[in-house]
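Coordinates as given in run.cif (mmCIF, C-alpha atoms):
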data_model
#
loop_
_atom_site.label_atom_id
_atom_site.label_comp_id
_atom_site.auth_asym_id
_atom_site.auth_seq_id
_atom_site.Cartn_x
_atom_site.Cartn_y
_atom_site.Cartn_z
CA ARG A 83 194.99 50.95 205.09
CA ASN A 84 195.44 49.36 201.72
CA GLU A 85 197.40 46.59 203.29
CA THR A 86 194.69 46.12 205.87
CA LYS A 87 191.95 46.07 203.16
CA GLN A 88 193.90 43.64 201.02
CA SER A 89 194.49 41.49 204.10
CA GLU A 90 190.71 41.52 204.83
CA GLU A 91 189.88 40.64 201.22
CA ARG A 92 192.29 37.75 201.33
CA ASP A 93 190.74 36.60 204.60
CA ILE A 94 187.20 36.42 203.15
CA GLY A 95 188.39 35.02 199.81
CA ILE A 96 187.37 37.99 197.63
CA GLY A 97 189.85 39.41 195.23
CA PRO A 98 189.72 42.34 192.83
CA ALA A 99 188.96 40.09 189.89
CA HIS A 100 186.07 38.53 191.71
CA CYS A 101 184.57 41.94 192.52
CA LYS A 102 184.76 43.03 188.90
CA MET A 103 183.10 39.82 187.79
CA THR A 104 180.31 40.31 190.32
CA LYS A 105 179.66 43.85 189.11
CA THR A 106 179.63 42.65 185.51
CA VAL A 107 177.12 39.93 186.30
CA PHE A 108 174.97 42.41 188.17
CA LEU A 109 174.99 44.84 185.26
CA LEU A 110 174.16 42.06 182.81
CA GLY A 111 171.26 41.08 185.01
CA LEU A 112 169.93 44.63 185.00
CA VAL A 113 170.25 44.79 181.22
CA ALA A 114 168.48 41.45 180.80
CA ALA A 115 165.67 42.56 183.09
CA SER A 116 165.26 45.78 181.15
CA VAL A 117 165.19 43.90 177.83
CA ALA A 118 162.66 41.46 179.23
CA ARG A 119 160.42 44.29 180.37
CA ALA A 120 160.83 46.05 177.04
CA PHE A 121 159.91 43.03 174.91
CA VAL A 122 158.04 40.55 177.03
CA VAL A 123 155.72 42.77 179.05
CA PRO A 124 154.44 44.89 176.08
CA GLY A 125 153.74 41.68 174.16
CA VAL A 126 151.68 40.30 177.01
CA THR A 127 149.87 43.60 177.39
CA THR A 128 149.11 43.73 173.66
CA THR A 129 147.78 40.17 173.73
CA MET A 130 145.57 40.96 176.70
CA THR A 131 144.32 44.14 175.00
CA MET A 132 143.50 42.29 171.79
CA THR A 133 141.79 39.55 173.76
CA SER A 134 139.76 42.15 175.63
CA ARG A 135 138.81 43.87 172.38
CA ARG A 136 137.78 40.56 170.82
CA ALA A 137 135.74 39.70 173.88
CA GLY A 138 134.08 43.13 173.78
CA GLY A 139 133.35 42.77 170.05
CA ALA A 140 131.85 39.33 170.61
CA MET A 141 129.67 40.69 173.40
CA ARG A 142 128.47 43.56 171.21
CA ALA A 143 127.75 41.16 168.32
CA ARG A 144 125.85 38.88 170.67
CA GLY A 145 123.89 41.87 171.96
CA ARG A 146 122.97 42.94 168.43
CA LEU A 147 121.91 39.37 167.59
CA LEU A 148 119.71 39.23 170.68
CA ASP A 149 118.18 42.60 169.77
CA GLU A 150 117.41 41.38 166.22
CA LEU A 151 115.86 38.19 167.56
CA ALA A 152 113.74 40.23 169.96
CA THR A 153 112.64 42.49 167.11
CA LEU A 154 111.71 39.50 164.93
CA GLN A 155 109.83 37.95 167.82
CA GLY A 156 108.00 41.23 168.38
CA ASP A 157 107.07 41.47 164.70
CA ASP A 158 105.85 37.88 164.74
CA ASP A 159 103.73 38.58 167.81
CA SER A 160 102.34 41.71 166.16
CA GLU A 161 101.39 39.76 163.04
CA LYS A 162 99.68 37.16 165.18
CA GLU A 163 97.73 39.86 167.01
CA VAL A 164 96.67 41.45 163.73
CA ALA A 165 95.64 38.05 162.39
CA LYS A 166 93.56 37.46 165.51
CA LYS A 167 91.87 40.84 165.16
CA LYS A 168 90.98 40.19 161.56
CA VAL A 169 87.52 38.72 161.52
CA VAL A 170 86.93 36.55 158.51
CA ALA A 171 83.43 37.20 157.35
CA PRO A 172 81.58 33.96 156.73
CA PRO A 173 80.51 33.47 153.13
CA LYS A 174 77.04 34.71 152.45
CA VAL A 175 74.64 31.87 151.98
CA LEU A 176 71.92 32.61 149.49
CA GLU A 177 68.60 31.88 151.09
CA PRO A 178 66.33 29.55 149.17
CA GLU A 179 63.64 31.22 147.11
CA THR A 180 60.22 30.93 148.68
CA VAL A 181 56.91 31.35 146.88
CA PHE A 182 54.46 33.74 148.53
CA PHE A 183 51.70 33.61 145.92
CA GLU A 184 51.12 31.71 142.70
CA GLY A 185 47.95 31.44 140.67
CA PRO A 186 45.72 32.87 137.92
CA PRO A 187 43.76 36.12 138.11
CA SER A 188 40.69 36.18 140.31
CA TRP A 189 37.61 34.44 138.92
CA THR A 190 35.65 37.61 139.65
CA GLU A 191 36.82 39.03 136.31
CA LEU A 192 34.41 36.57 134.65
CA VAL A 193 31.30 38.05 136.28
CA LEU A 194 30.71 41.10 134.11
CA PRO A 195 31.82 39.44 130.85
CA GLY A 196 29.57 36.48 131.72
CA ILE A 197 26.58 38.76 132.10
CA SER A 198 27.40 40.61 128.90
CA VAL A 199 27.61 37.31 126.97
CA LEU A 200 23.84 37.48 126.64
CA THR A 201 24.53 40.08 124.02
CA VAL A 202 26.55 39.51 120.93
CA ILE A 203 28.97 42.22 121.94
CA GLY A 204 29.77 40.49 125.25
CA ILE A 205 31.02 37.26 123.71
CA VAL A 206 34.46 38.66 122.92
CA PRO A 207 35.19 40.05 126.43
CA PHE A 208 33.99 36.81 127.97
CA ALA A 209 36.25 34.74 125.73
CA ALA A 210 39.18 36.98 126.59
CA ALA A 211 38.49 36.62 130.32
CA VAL A 212 38.34 32.85 130.01
CA ALA A 213 41.62 32.80 128.10
CA ARG A 214 43.23 34.89 130.83
CA GLN A 215 42.09 32.40 133.45
CA ILE A 216 43.74 29.61 131.48
CA TRP A 217 46.95 31.20 130.27
CA VAL A 218 47.79 33.97 132.75
CA LYS A 219 49.68 33.05 135.92
CA TYR A 220 51.05 35.33 138.62
CA LYS A 221 53.96 34.26 140.79
CA VAL A 222 55.37 36.30 143.66
CA THR A 223 58.45 34.97 145.42
CA SER A 224 61.04 36.25 147.85
CA ARG A 225 63.29 37.27 144.94
CA ARG A 226 61.12 38.20 141.95
CA ILE A 227 57.73 38.72 140.35
CA SER A 228 56.84 36.56 137.39
CA VAL A 229 53.91 37.01 135.01
CA GLN A 230 53.07 34.29 132.49
CA SER A 231 50.77 35.41 129.67
CA GLY A 232 50.21 35.30 125.93
CA VAL A 233 48.71 32.63 123.76
CA GLY A 234 49.34 29.32 125.45
CA GLY A 235 51.14 31.10 128.30
CA ASN A 236 54.36 31.24 126.31
CA ASP A 237 55.26 34.83 127.26
CA VAL A 238 56.99 35.11 130.62
CA THR A 239 58.01 38.42 132.21
CA GLU A 240 60.18 38.46 135.32
CA ILE A 241 61.33 41.43 137.38
CA ILE A 242 63.37 41.72 140.56
CA TYR A 243 62.57 44.03 143.43
CA PRO A 244 65.62 46.34 143.13
CA ASP A 245 64.40 47.32 139.62
CA ILE A 246 61.07 48.61 140.89
CA VAL A 247 60.66 52.39 141.21
CA ASN A 248 57.15 52.51 142.64
CA LEU A 249 53.82 50.72 142.95
CA LYS A 250 50.30 51.96 142.26
CA TYR A 251 47.03 50.12 142.75
CA VAL A 252 43.28 50.27 142.50
CA PHE A 253 40.73 48.01 144.19
CA ARG A 254 38.15 45.92 142.36
CA SER A 255 35.14 43.90 143.51
CA GLY A 256 34.79 45.82 146.75
CA GLY A 257 38.46 45.46 147.71
CA ALA A 258 38.69 41.67 147.49
CA VAL A 259 40.90 41.91 144.39
CA GLY A 260 42.84 44.69 142.77
CA ASP A 261 44.93 45.88 139.86
CA MET A 262 48.60 46.74 140.34
CA VAL A 263 50.90 48.83 138.14
CA ILE A 264 54.63 48.31 138.69
CA GLN A 265 56.96 50.97 137.28
CA LEU A 266 60.59 49.96 136.61
CA LYS A 267 63.83 51.93 136.44
CA ASP A 268 64.02 51.71 132.65
CA GLY A 269 60.62 53.44 132.37
CA SER A 270 58.63 50.34 131.46
CA LYS A 271 55.54 49.21 133.36
CA LEU A 272 54.10 45.85 134.32
CA GLU A 273 50.37 45.50 134.95
CA MET A 274 48.85 42.80 137.13
CA ARG A 275 45.05 42.77 136.89
CA HIS A 276 42.49 41.09 139.10
CA VAL A 277 45.12 39.88 141.57
CA PRO A 278 43.48 37.70 144.26
CA ASP A 279 44.28 38.21 147.95
CA PHE A 280 45.34 41.64 146.81
CA ARG A 281 46.02 43.31 150.15
CA ASN A 282 48.51 40.71 151.34
CA VAL A 283 50.21 40.43 147.96
CA TYR A 284 50.57 44.21 147.60
CA LYS A 285 51.98 44.65 151.13
CA TYR A 286 54.41 41.78 150.61
CA ILE A 287 55.77 43.32 147.41
CA LEU A 288 55.91 46.81 148.98
CA ASN A 289 58.01 45.53 151.88
CA LYS A 290 60.54 44.09 149.42
CA LEU A 291 61.22 47.47 147.82
CA SER A 292 63.95 49.94 148.70
CA PRO A 293 63.07 52.77 151.13
CA GLU A 294 63.00 55.28 148.27
CA ALA A 295 60.65 53.12 146.19
CA GLN A 296 58.40 52.53 149.21
CA GLU A 297 58.14 56.26 149.83
CA ASP A 298 57.23 56.90 146.19
CA SER A 299 54.58 54.15 146.12
CA PHE A 300 50.92 54.16 147.10
CA GLN A 301 50.63 53.26 150.76
CA MET A 302 47.95 50.82 151.78
CA LYS A 303 46.32 51.49 155.11
CA ASP A 304 44.80 48.77 157.22
CA ASP A 305 41.34 50.32 156.93
CA ASP A 306 41.47 50.54 153.13
#
Would you mind giving the structure from this file in structure tokens?
Amino acid sequence: RNETKQSEERDIGIGPAHCKMTKTVFLLGLVAASVARAFVVPGVTTTMTMTSRRAGGAMRARGRLLDELATLQGDDDSEKEVAKKKVVAPPKVLEPETVFFEGPPSWTELVLPGISVLTVIGIVPFAAAVARQIWVKYKVTSRRISVQSGVGGNDVTEIIYPDIVNLKYVFRSGGAVGDMVIQLKDGSKLEMRHVPDFRNVYKYILNKLSPEAQEDSFQMKDDD
């Protein structure tokens, strides 16, 4: 058999040395393949894993950036909505002051002093009444009440409506004129005597007062 096997090996050109060499090459190939798998494949896998991790981290960072931008945009929109809802009150424009009444006391205050001038005693009251007609001036505006009096009209008293506590009055000359007493918050009083067109002047001043002051004042009825 050995002779036959050796004869067959000679016929195909394969000797014992050649077979050993082939086995050695085969084994070296297996070793090289194992080494390649041990070193090359893990390296590739590690690179792919790191690349995947980097890609995932970049995606997460991009997602956080988009979320922050959305939040900022939302805050900006909210501020704009709040700004729209805020109504800027226009500045208050002070209305111009208008004069309702201006003039001296009624001339009717000269009647009785003029009659009494026939007596010596009546000269003084008549002179005082004439001086009042010259020097006293009443002025009622949309903001204040002004009374000019004194010698030469040099004394001026002004009050504003919020300072008035109440009003009291009495008619004179059958209701054509009247006297008015204005009480102020500080306890002082201002008297206006023989005011002409008294009904309209009194009602105008009364309407300028606060509700509390109006309630505490004398009310003037239409039939008074």
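Excluding Pro195 of chain A itself and any same-chain residue fewer than 2 positions from it, the protein and nucleic acid residues within 8 Å of it, counting only C-alpha atoms, are Glu191, Leu192, Val193, Ile197, Ser198, Val199, Gly204, Ile205, Pro207, Phe208 and Ala211 of chain A.
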Writing out the chosen residues with C-alpha atoms as a tab-separated table (two decimals), in the frame of the given file:
chain	number	residue	atom	x	y	z
A	191	GLU	CA	36.82	39.03	136.31
A	192	LEU	CA	34.41	36.57	134.65
A	193	VAL	CA	31.30	38.05	136.28
A	197	ILE	CA	26.58	38.76	132.10
A	198	SER	CA	27.40	40.61	128.90
A	199	VAL	CA	27.61	37.31	126.97
A	204	GLY	CA	29.77	40.49	125.25
A	205	ILE	CA	31.02	37.26	123.71
A	207	PRO	CA	35.19	40.05	126.43
A	208	PHE	CA	33.99	36.81	127.97
A	211	ALA	CA	38.49	36.62	130.32
> At what distance in Å, to one decimal, does atom CA of Gln265 of chain A lie from atom CA of Lys250 of chain A?
Replying inline: 8.4 Å
>> I want to know what sits within 7 Å of segment 277-280 of chain A, based on only C-alpha atoms, with residues of the same chain fewer than 5 positions away left out; could you give that as number ranges by chain?
In response: A: 187-188, 258-261
> Hey, what's within 9 Å of Leu249 of chain A if we count all atoms listed in the file and toss same-chain stuff fewer than 5 positions away? As a ChimeraX atom specification, please?
Replying inline: /A:262-265,284,287-288,295-296,298-301
>> I'd like the contact shell of Glu240 of chain A - 7 Å cut-off, only C-alpha atoms, skipping same-chain residues fewer than 3 positions apart - returned as an MDAnalysis selection string.
In response: chainID A and resid 226:229
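Proximity of A:Phe183, A:Leu272, A:Asp237, A:Arg281 to Gly257 of chain A, computed with only C-alpha atoms, is greatest for A:Arg281.
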>> Applying 9 Å and all atoms listed in the file, which residues near Ser224 of chain A remain after dropping the ones on its own chain fewer than 4 positions away? List them as a PyMOL selection string.
In response: chain A and resi 178-182+287+290
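With all atoms listed in the file as the basis for measurement, A:Met302 is the residue among A:Gln230, A:Met302, A:Glu273, A:Thr153 that approaches Lys285 of chain A most closely.
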Please, could N, CA and C atoms be added to segment 221-254 of chain A and the result written as an mmCIF file, in the coordinates of the input?
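Written file, part12.cif:
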data_model
loop_
_atom_site.group_PDB
_atom_site.id
_atom_site.type_symbol
_atom_site.label_atom_id
_atom_site.label_comp_id
_atom_site.auth_asym_id
_atom_site.auth_seq_id
_atom_site.Cartn_x
_atom_site.Cartn_y
_atom_site.Cartn_z
ATOM 1 N N LYS A 221 53.101 34.932 139.814
ATOM 2 C CA LYS A 221 53.960 34.260 140.790
ATOM 3 C C LYS A 221 54.796 35.311 141.517
ATOM 4 N N VAL A 222 54.640 35.348 142.814
ATOM 5 C CA VAL A 222 55.370 36.300 143.660
ATOM 6 C C VAL A 222 56.231 35.505 144.633
ATOM 7 N N THR A 223 57.527 35.697 144.547
ATOM 8 C CA THR A 223 58.450 34.970 145.420
ATOM 9 C C THR A 223 59.279 35.962 146.250
ATOM 10 N N SER A 224 60.178 35.410 147.013
ATOM 11 C CA SER A 224 61.040 36.250 147.850
ATOM 12 C C SER A 224 62.104 36.989 147.041
ATOM 13 N N ARG A 225 62.273 36.638 145.769
ATOM 14 C CA ARG A 225 63.290 37.270 144.940
ATOM 15 C C ARG A 225 62.730 38.025 143.736
ATOM 16 N N ARG A 226 61.579 37.626 143.219
ATOM 17 C CA ARG A 226 61.120 38.200 141.950
ATOM 18 C C ARG A 226 59.608 38.120 141.826
ATOM 19 N N ILE A 227 59.135 38.789 140.768
ATOM 20 C CA ILE A 227 57.730 38.720 140.350
ATOM 21 C C ILE A 227 57.705 38.195 138.934
ATOM 22 N N SER A 228 56.918 37.195 138.711
ATOM 23 C CA SER A 228 56.840 36.560 137.390
ATOM 24 C C SER A 228 55.395 36.583 136.895
ATOM 25 N N VAL A 229 55.238 36.976 135.627
ATOM 26 C CA VAL A 229 53.910 37.010 135.010
ATOM 27 C C VAL A 229 53.974 36.184 133.725
ATOM 28 N N GLN A 230 53.163 35.133 133.680
ATOM 29 C CA GLN A 230 53.070 34.290 132.490
ATOM 30 C C GLN A 230 51.796 34.663 131.737
ATOM 31 N N SER A 231 51.932 34.946 130.444
ATOM 32 C CA SER A 231 50.770 35.410 129.670
ATOM 33 C C SER A 231 50.959 35.013 128.204
ATOM 34 N N GLY A 232 50.127 35.592 127.344
ATOM 35 C CA GLY A 232 50.210 35.300 125.930
ATOM 36 C C GLY A 232 49.444 34.047 125.540
ATOM 37 N N VAL A 233 49.411 33.807 124.261
ATOM 38 C CA VAL A 233 48.710 32.630 123.760
ATOM 39 C C VAL A 233 49.441 31.367 124.214
ATOM 40 N N GLY A 234 48.747 30.543 124.928
ATOM 41 C CA GLY A 234 49.340 29.320 125.450
ATOM 42 C C GLY A 234 50.244 29.545 126.654
ATOM 43 N N GLY A 235 50.286 30.794 127.133
ATOM 44 C CA GLY A 235 51.140 31.100 128.300
ATOM 45 C C GLY A 235 52.617 31.041 127.991
ATOM 46 N N ASN A 236 52.967 31.335 126.731
ATOM 47 C CA ASN A 236 54.360 31.240 126.310
ATOM 48 C C ASN A 236 55.185 32.489 126.620
ATOM 49 N N ASP A 237 54.538 33.595 126.941
ATOM 50 C CA ASP A 237 55.260 34.830 127.260
ATOM 51 C C ASP A 237 55.446 34.932 128.776
ATOM 52 N N VAL A 238 56.677 35.023 129.188
ATOM 53 C CA VAL A 238 56.990 35.110 130.620
ATOM 54 C C VAL A 238 57.790 36.380 130.882
ATOM 55 N N THR A 239 57.324 37.187 131.815
ATOM 56 C CA THR A 239 58.010 38.420 132.210
ATOM 57 C C THR A 239 58.406 38.304 133.686
ATOM 58 N N GLU A 240 59.672 38.523 133.943
ATOM 59 C CA GLU A 240 60.180 38.460 135.320
ATOM 60 C C GLU A 240 60.882 39.754 135.679
ATOM 61 N N ILE A 241 60.653 40.238 136.874
ATOM 62 C CA ILE A 241 61.330 41.430 137.380
ATOM 63 C C ILE A 241 61.811 41.147 138.795
ATOM 64 N N ILE A 242 62.865 41.843 139.193
ATOM 65 C CA ILE A 242 63.370 41.720 140.560
ATOM 66 C C ILE A 242 63.060 42.998 141.318
ATOM 67 N N TYR A 243 63.014 42.902 142.613
ATOM 68 C CA TYR A 243 62.570 44.030 143.430
ATOM 69 C C TYR A 243 63.472 45.266 143.337
ATOM 70 N N PRO A 244 64.807 45.125 143.236
ATOM 71 C CA PRO A 244 65.620 46.340 143.130
ATOM 72 C C PRO A 244 65.336 47.175 141.881
ATOM 73 N N ASP A 245 64.697 46.581 140.851
ATOM 74 C CA ASP A 245 64.400 47.320 139.620
ATOM 75 C C ASP A 245 63.102 48.111 139.702
ATOM 76 N N ILE A 246 62.370 47.953 140.779
ATOM 77 C CA ILE A 246 61.070 48.610 140.890
ATOM 78 C C ILE A 246 61.248 50.020 141.447
ATOM 79 N N VAL A 247 60.612 50.983 140.772
ATOM 80 C CA VAL A 247 60.660 52.390 141.210
ATOM 81 C C VAL A 247 59.506 52.710 142.137
ATOM 82 N N ASN A 248 58.319 52.269 141.774
ATOM 83 C CA ASN A 248 57.150 52.510 142.640
ATOM 84 C C ASN A 248 56.027 51.552 142.280
ATOM 85 N N LEU A 249 55.018 51.537 143.143
ATOM 86 C CA LEU A 249 53.820 50.720 142.950
ATOM 87 C C LEU A 249 52.582 51.605 143.035
ATOM 88 N N LYS A 250 51.599 51.285 142.203
ATOM 89 C CA LYS A 250 50.300 51.960 142.260
ATOM 90 C C LYS A 250 49.213 50.900 142.142
ATOM 91 N N TYR A 251 48.073 51.150 142.757
ATOM 92 C CA TYR A 251 47.030 50.120 142.750
ATOM 93 C C TYR A 251 45.651 50.766 142.727
ATOM 94 N N VAL A 252 44.681 49.910 142.424
ATOM 95 C CA VAL A 252 43.280 50.270 142.500
ATOM 96 C C VAL A 252 42.505 49.000 142.864
ATOM 97 N N PHE A 253 41.524 49.164 143.762
ATOM 98 C CA PHE A 253 40.730 48.010 144.190
ATOM 99 C C PHE A 253 39.649 47.685 143.169
ATOM 100 N N ARG A 254 39.277 46.401 143.158
ATOM 101 C CA ARG A 254 38.150 45.920 142.360
ATOM 102 C C ARG A 254 37.314 44.982 143.217
#
